[in-house]
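Working notes for the structure below.
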Amino acid sequence: ELFHHVLIRLMSMLYCSALQQVADMKDERFDIIDNAGLDPAKLSYLEAANDKTEILVQWIQRLICDNMACGVLTAAPPIMSRVFQELSKGVVNFQNARKIAEFLFPLPYAQMISVMLVFQWILVPLMAFTLVESTMWAAFLSYMAVFTFWSINFIAIELEMPFGDDLNDLPIANIMKDFNCSLRTLLEEDAQNPPAFTMQDGYRKLSISQWDGGASNRCAFRGGRVAASVRLKRMGSVAPTRLWRGSTSAAVKPLKQQPEGLSNSEEEDPPAPEQRPPHAILPCEPSGGGGGASGASAGAAA
């Protein structure tokens with residue numbers, strides 16, 4: 001259980017730091033799962049570091065290796081190697097996202113396109129009214145030619161930077177909330193073990209039935225935004241969340257006041273769980289019968 005709680009807190013901080021590094025927003029404070037039980041000295045070191053994402057990946061890898069050595073994770077080596085492969089794949093995808101955010105379209109190329117569009121806006125009507133006899137058709141063709149090329153240019157401008165505050169950008173804050181919802185779901189008691197099954201003769205027929213999947217309770221994107229408040233309210237007793245800007249003051253102590261529109265749920269956060277001593281960040285006491293579940297949880301979180 002200690003390994004699970006440390007792992008999801010590090011994963012939440014890792015996801016948040018990666019989003020903060022690629023985002024170009026006015027307010028880059030995102031929700032993370034409460035990390036008050038982690039070592040304050042480690043969090044202070046994380047605040048002063050420039051490469052927070054790389055440090056958190058290192059901590060997660062070291063956490064998994066230490067728990068494998070201590071016997072907490074007893075999954076087969078091929079399964080555990082898959083966990084590290086997924087972490088490395090995530091780092092590669094993160095670096096690709098940084099390329100989009102940091103290396104914008106070349107300025108001379110963009111200026112040349114703008115100048116050519118202005119020339120096209122002036123010359124197309126003149127050519128259309130010269131070559132086309134009908135005034136109505138000349139005006140229609142001029143409008144369609146100019147409108148089409150300028151629309152393509154504005155669409156390219158919107159796609160150039162998808163990590164901002166514009167209406168057409170990705171809902172980064174809500175994506176972070178959805179990730180926290182998934183992590184908190186993995187800590188629920190019913191999610192730790194598969195359901196029991198009682199075999200009967202009638203079940204061998206394998207009949208087919210319809211299942212809606214509980215659409216009203218799941219966290220889904222609707223209209224470019226995430227309806228995560230329902231799941232946050234339902235799982236308030238698992239692990240609270242708080243806003244984090246990557247600094248020690250926000251990571252160690254909860255924020256007393258939050259800006260309007262940035263609260264992670266309509267209700268107040270539930271009380272923080274009992275803090276563990278700082279030295280317990282890397283557990284070395286195997287939990288009886290929970291090794292396989294711990295390995296599977298690490299793979300799912302990765």
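Here's how to read the names in the structure tokens: chain A, B, ... by the order shown, residue numbers from 1 in each chain, ligand numbers from 1 in the order shown.
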Residues within 9 Å of Leu104 (chain A), only C-alpha atoms, excluding chain neighbours under 4 positions, as a PyMOL selection string: chain A and resi 99-100+160-161
With only C-alpha atoms as the counted atoms, please give the residues lying no more than 8 Å from region 110-124 of chain A, apart from itself and same-chain residues fewer than 6 positions off, as a ChimeraX atom specification. /A:142,145-146,149-150
Store the residues picked out above in a file with N, CA, C and O atoms, as a PDB file, in the first residue's frame.
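Everything below was put into out-v6.pdb:
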ATOM      1  N   SER A 142     -13.591  35.325 -56.777  1.00  0.00           N
ATOM      2  CA  SER A 142     -12.583  36.070 -56.023  1.00  0.00           C
ATOM      3  C   SER A 142     -12.723  35.815 -54.530  1.00  0.00           C
ATOM      4  O   SER A 142     -11.721  35.600 -53.817  1.00  0.00           O
ATOM      5  N   ALA A 145     -11.563  32.147 -53.640  1.00  0.00           N
ATOM      6  CA  ALA A 145     -10.108  31.958 -53.727  1.00  0.00           C
ATOM      7  C   ALA A 145      -9.397  32.614 -52.550  1.00  0.00           C
ATOM      8  O   ALA A 145      -8.525  32.009 -51.907  1.00  0.00           O
ATOM      9  N   VAL A 146      -9.771  33.849 -52.247  1.00  0.00           N
ATOM     10  CA  VAL A 146      -9.119  34.561 -51.141  1.00  0.00           C
ATOM     11  C   VAL A 146      -9.487  33.939 -49.806  1.00  0.00           C
ATOM     12  O   VAL A 146      -8.624  33.725 -48.938  1.00  0.00           O
ATOM     13  N   PHE A 149      -7.603  30.410 -49.108  1.00  0.00           N
ATOM     14  CA  PHE A 149      -6.177  30.463 -48.754  1.00  0.00           C
ATOM     15  C   PHE A 149      -5.959  31.125 -47.390  1.00  0.00           C
ATOM     16  O   PHE A 149      -5.106  30.686 -46.608  1.00  0.00           O
ATOM     17  N   TRP A 150      -6.708  32.176 -47.080  1.00  0.00           N
ATOM     18  CA  TRP A 150      -6.553  32.806 -45.773  1.00  0.00           C
ATOM     19  C   TRP A 150      -7.049  31.884 -44.658  1.00  0.00           C
ATOM     20  O   TRP A 150      -6.497  31.891 -43.556  1.00  0.00           O
TER      21      TRP A 150
END
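Taking CA of Lys52 (chain A) as the reference point, CA of Val91 (chain A) is found at 12.4 Å.
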Within 12 Å of region 181-184 of chain A: each region 110-176 of chain A residue with its shortest pair, only C-alpha atoms, as CSV:
residue,atom,partner,partner_atom,distance
A:Asn174,CA,A:Cys181,CA,10.4
A:Ile175,CA,A:Cys181,CA,9.8
A:Met176,CA,A:Cys181,CA,8.7
Could you find all residues in region 106-231 of chain A that DSSP calls alpha helix (DSSP H) from the backbone, and write them as a PyMOL selection string? chain A and resi 107-131+135-160+172-186+189-192+229-231
Would you save the residues of that selection, restricted to C-alpha atoms, as a PDB file, in the first residue's frame?
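Output (out_27.pdb):
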ATOM      1  CA  LEU A 107       9.601  33.570 -38.930  1.00  0.00           C
ATOM      2  CA  PRO A 108      10.886  34.339 -42.491  1.00  0.00           C
ATOM      3  CA  TYR A 109       8.697  31.564 -43.880  1.00  0.00           C
ATOM      4  CA  ALA A 110       5.643  32.917 -42.022  1.00  0.00           C
ATOM      5  CA  GLN A 111       6.314  36.498 -43.185  1.00  0.00           C
ATOM      6  CA  MET A 112       6.721  35.357 -46.772  1.00  0.00           C
ATOM      7  CA  ILE A 113       3.385  33.533 -46.647  1.00  0.00           C
ATOM      8  CA  SER A 114       1.658  36.626 -45.233  1.00  0.00           C
ATOM      9  CA  VAL A 115       3.080  38.865 -47.975  1.00  0.00           C
ATOM     10  CA  MET A 116       2.077  36.412 -50.701  1.00  0.00           C
ATOM     11  CA  LEU A 117      -1.454  36.219 -49.298  1.00  0.00           C
ATOM     12  CA  VAL A 118      -1.737  40.012 -49.454  1.00  0.00           C
ATOM     13  CA  PHE A 119      -0.628  39.983 -53.102  1.00  0.00           C
ATOM     14  CA  GLN A 120      -3.144  37.236 -53.815  1.00  0.00           C
ATOM     15  CA  TRP A 121      -5.891  39.248 -52.071  1.00  0.00           C
ATOM     16  CA  ILE A 122      -5.171  42.206 -54.394  1.00  0.00           C
ATOM     17  CA  LEU A 123      -4.490  40.403 -57.692  1.00  0.00           C
ATOM     18  CA  VAL A 124      -7.219  37.746 -57.688  1.00  0.00           C
ATOM     19  CA  PRO A 125     -10.151  40.224 -57.908  1.00  0.00           C
ATOM     20  CA  LEU A 126      -8.398  42.140 -60.689  1.00  0.00           C
ATOM     21  CA  MET A 127      -7.733  38.972 -62.674  1.00  0.00           C
ATOM     22  CA  ALA A 128     -11.243  37.639 -62.052  1.00  0.00           C
ATOM     23  CA  PHE A 129     -13.003  40.797 -63.246  1.00  0.00           C
ATOM     24  CA  THR A 130     -10.680  40.896 -66.270  1.00  0.00           C
ATOM     25  CA  LEU A 131     -11.173  37.286 -67.389  1.00  0.00           C
ATOM     26  CA  THR A 135     -19.766  40.340 -62.465  1.00  0.00           C
ATOM     27  CA  MET A 136     -21.510  37.966 -60.055  1.00  0.00           C
ATOM     28  CA  TRP A 137     -19.287  35.038 -60.981  1.00  0.00           C
ATOM     29  CA  ALA A 138     -16.164  37.184 -60.809  1.00  0.00           C
ATOM     30  CA  ALA A 139     -17.041  38.363 -57.295  1.00  0.00           C
ATOM     31  CA  PHE A 140     -17.901  34.825 -56.154  1.00  0.00           C
ATOM     32  CA  LEU A 141     -14.686  33.294 -57.536  1.00  0.00           C
ATOM     33  CA  SER A 142     -12.583  36.070 -56.023  1.00  0.00           C
ATOM     34  CA  TYR A 143     -14.190  35.621 -52.630  1.00  0.00           C
ATOM     35  CA  MET A 144     -13.772  31.825 -52.632  1.00  0.00           C
ATOM     36  CA  ALA A 145     -10.108  31.958 -53.727  1.00  0.00           C
ATOM     37  CA  VAL A 146      -9.119  34.561 -51.141  1.00  0.00           C
ATOM     38  CA  PHE A 147     -11.215  33.073 -48.351  1.00  0.00           C
ATOM     39  CA  THR A 148      -9.855  29.550 -48.880  1.00  0.00           C
ATOM     40  CA  PHE A 149      -6.177  30.463 -48.754  1.00  0.00           C
ATOM     41  CA  TRP A 150      -6.553  32.806 -45.773  1.00  0.00           C
ATOM     42  CA  SER A 151      -8.566  30.150 -43.903  1.00  0.00           C
ATOM     43  CA  ILE A 152      -5.817  27.592 -44.424  1.00  0.00           C
ATOM     44  CA  ASN A 153      -3.277  30.073 -43.082  1.00  0.00           C
ATOM     45  CA  PHE A 154      -5.314  30.817 -39.935  1.00  0.00           C
ATOM     46  CA  ILE A 155      -5.900  27.107 -39.321  1.00  0.00           C
ATOM     47  CA  ALA A 156      -2.145  26.532 -39.497  1.00  0.00           C
ATOM     48  CA  ILE A 157      -1.626  29.310 -36.950  1.00  0.00           C
ATOM     49  CA  GLU A 158      -4.068  27.621 -34.569  1.00  0.00           C
ATOM     50  CA  LEU A 159      -2.366  24.244 -34.979  1.00  0.00           C
ATOM     51  CA  GLU A 160       1.123  25.676 -34.478  1.00  0.00           C
ATOM     52  CA  ILE A 172      -4.510  20.860 -20.428  1.00  0.00           C
ATOM     53  CA  ALA A 173      -5.862  21.587 -16.941  1.00  0.00           C
ATOM     54  CA  ASN A 174      -8.743  19.181 -17.456  1.00  0.00           C
ATOM     55  CA  ILE A 175      -6.430  16.536 -18.918  1.00  0.00           C
ATOM     56  CA  MET A 176      -4.429  16.750 -15.683  1.00  0.00           C
ATOM     57  CA  LYS A 177      -7.601  16.304 -13.632  1.00  0.00           C
ATOM     58  CA  ASP A 178      -8.575  13.272 -15.704  1.00  0.00           C
ATOM     59  CA  PHE A 179      -5.153  11.704 -15.113  1.00  0.00           C
ATOM     60  CA  ASN A 180      -5.537  12.244 -11.356  1.00  0.00           C
ATOM     61  CA  CYS A 181      -8.953  10.583 -11.556  1.00  0.00           C
ATOM     62  CA  SER A 182      -7.381   7.529 -13.158  1.00  0.00           C
ATOM     63  CA  LEU A 183      -4.635   7.341 -10.521  1.00  0.00           C
ATOM     64  CA  ARG A 184      -7.115   7.659  -7.674  1.00  0.00           C
ATOM     65  CA  THR A 185      -9.265   4.926  -9.199  1.00  0.00           C
ATOM     66  CA  LEU A 186      -6.302   2.524  -9.049  1.00  0.00           C
ATOM     67  CA  GLU A 189     -10.042  -1.280  -2.821  1.00  0.00           C
ATOM     68  CA  ASP A 190     -12.318  -2.802  -5.446  1.00  0.00           C
ATOM     69  CA  ALA A 191      -9.788  -1.980  -8.197  1.00  0.00           C
ATOM     70  CA  GLN A 192      -6.920  -3.853  -6.507  1.00  0.00           C
ATOM     71  CA  SER A 229     -15.951  16.831 -11.113  1.00  0.00           C
ATOM     72  CA  VAL A 230     -18.265  13.829 -10.708  1.00  0.00           C
ATOM     73  CA  ARG A 231     -15.415  11.392 -10.209  1.00  0.00           C
TER      74      ARG A 231
END
With only C-alpha atoms as the atoms that count, which of A:Ala18, A:Val72, A:Leu10, A:Leu167 lies nearest to Asp51 (chain A)?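 Checking each of A:Ala18, A:Val72, A:Leu10, A:Leu167 against Asp51 (chain A), counting only C-alpha atoms, the winner is A:Ala18.
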May I ask which of the residues A:Ile8, A:Ile208, A:Ser17, A:Glu28 is the closest one to Ala49 (chain A), counting only C-alpha atoms? A:Ser17
Which of region 11-254 of chain A fall in strand (DSSP E), as a list in words: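 Residues of region 11-254 of chain A classed as strand (DSSP E): Phe30, Asp31, Ile32, Ile33, Phe221, Arg222, Arg225, Val226, Thr241, Arg242, Leu243 and Trp244 of chain A.
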Writer output for current selection, C-alpha atoms, as a compact mmCIF listing (two decimals), in the first residue's frame:
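Saved result, again.txt, follows:
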# COMPACT_ATOMS: atom_id res chain seq x y z
CA PHE A 30 -2.34 22.27 -12.25
CA ASP A 31 -3.89 19.83 -9.80
CA ILE A 32 -1.71 17.06 -8.37
CA ILE A 33 -2.46 14.37 -5.83
CA PHE A 221 -14.20 14.53 -22.91
CA ARG A 222 -17.29 16.51 -23.83
CA ARG A 225 -13.52 19.75 -21.87
CA VAL A 226 -13.42 16.99 -19.25
CA THR A 241 -5.64 16.97 -4.92
CA ARG A 242 -4.10 20.44 -4.86
CA LEU A 243 -2.69 23.00 -7.25
CA TRP A 244 1.05 22.80 -7.94
Separation of CA of Ala75 (chain A) and CA of Phe94 (chain A), in Å?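 Atom-to-atom, CA of Ala75 (chain A) to CA of Phe94 (chain A), that is 27.5 Å.
Going from CA of Leu43 (chain A) over to CA of Asn93 (chain A), you cover 25.1 Å.
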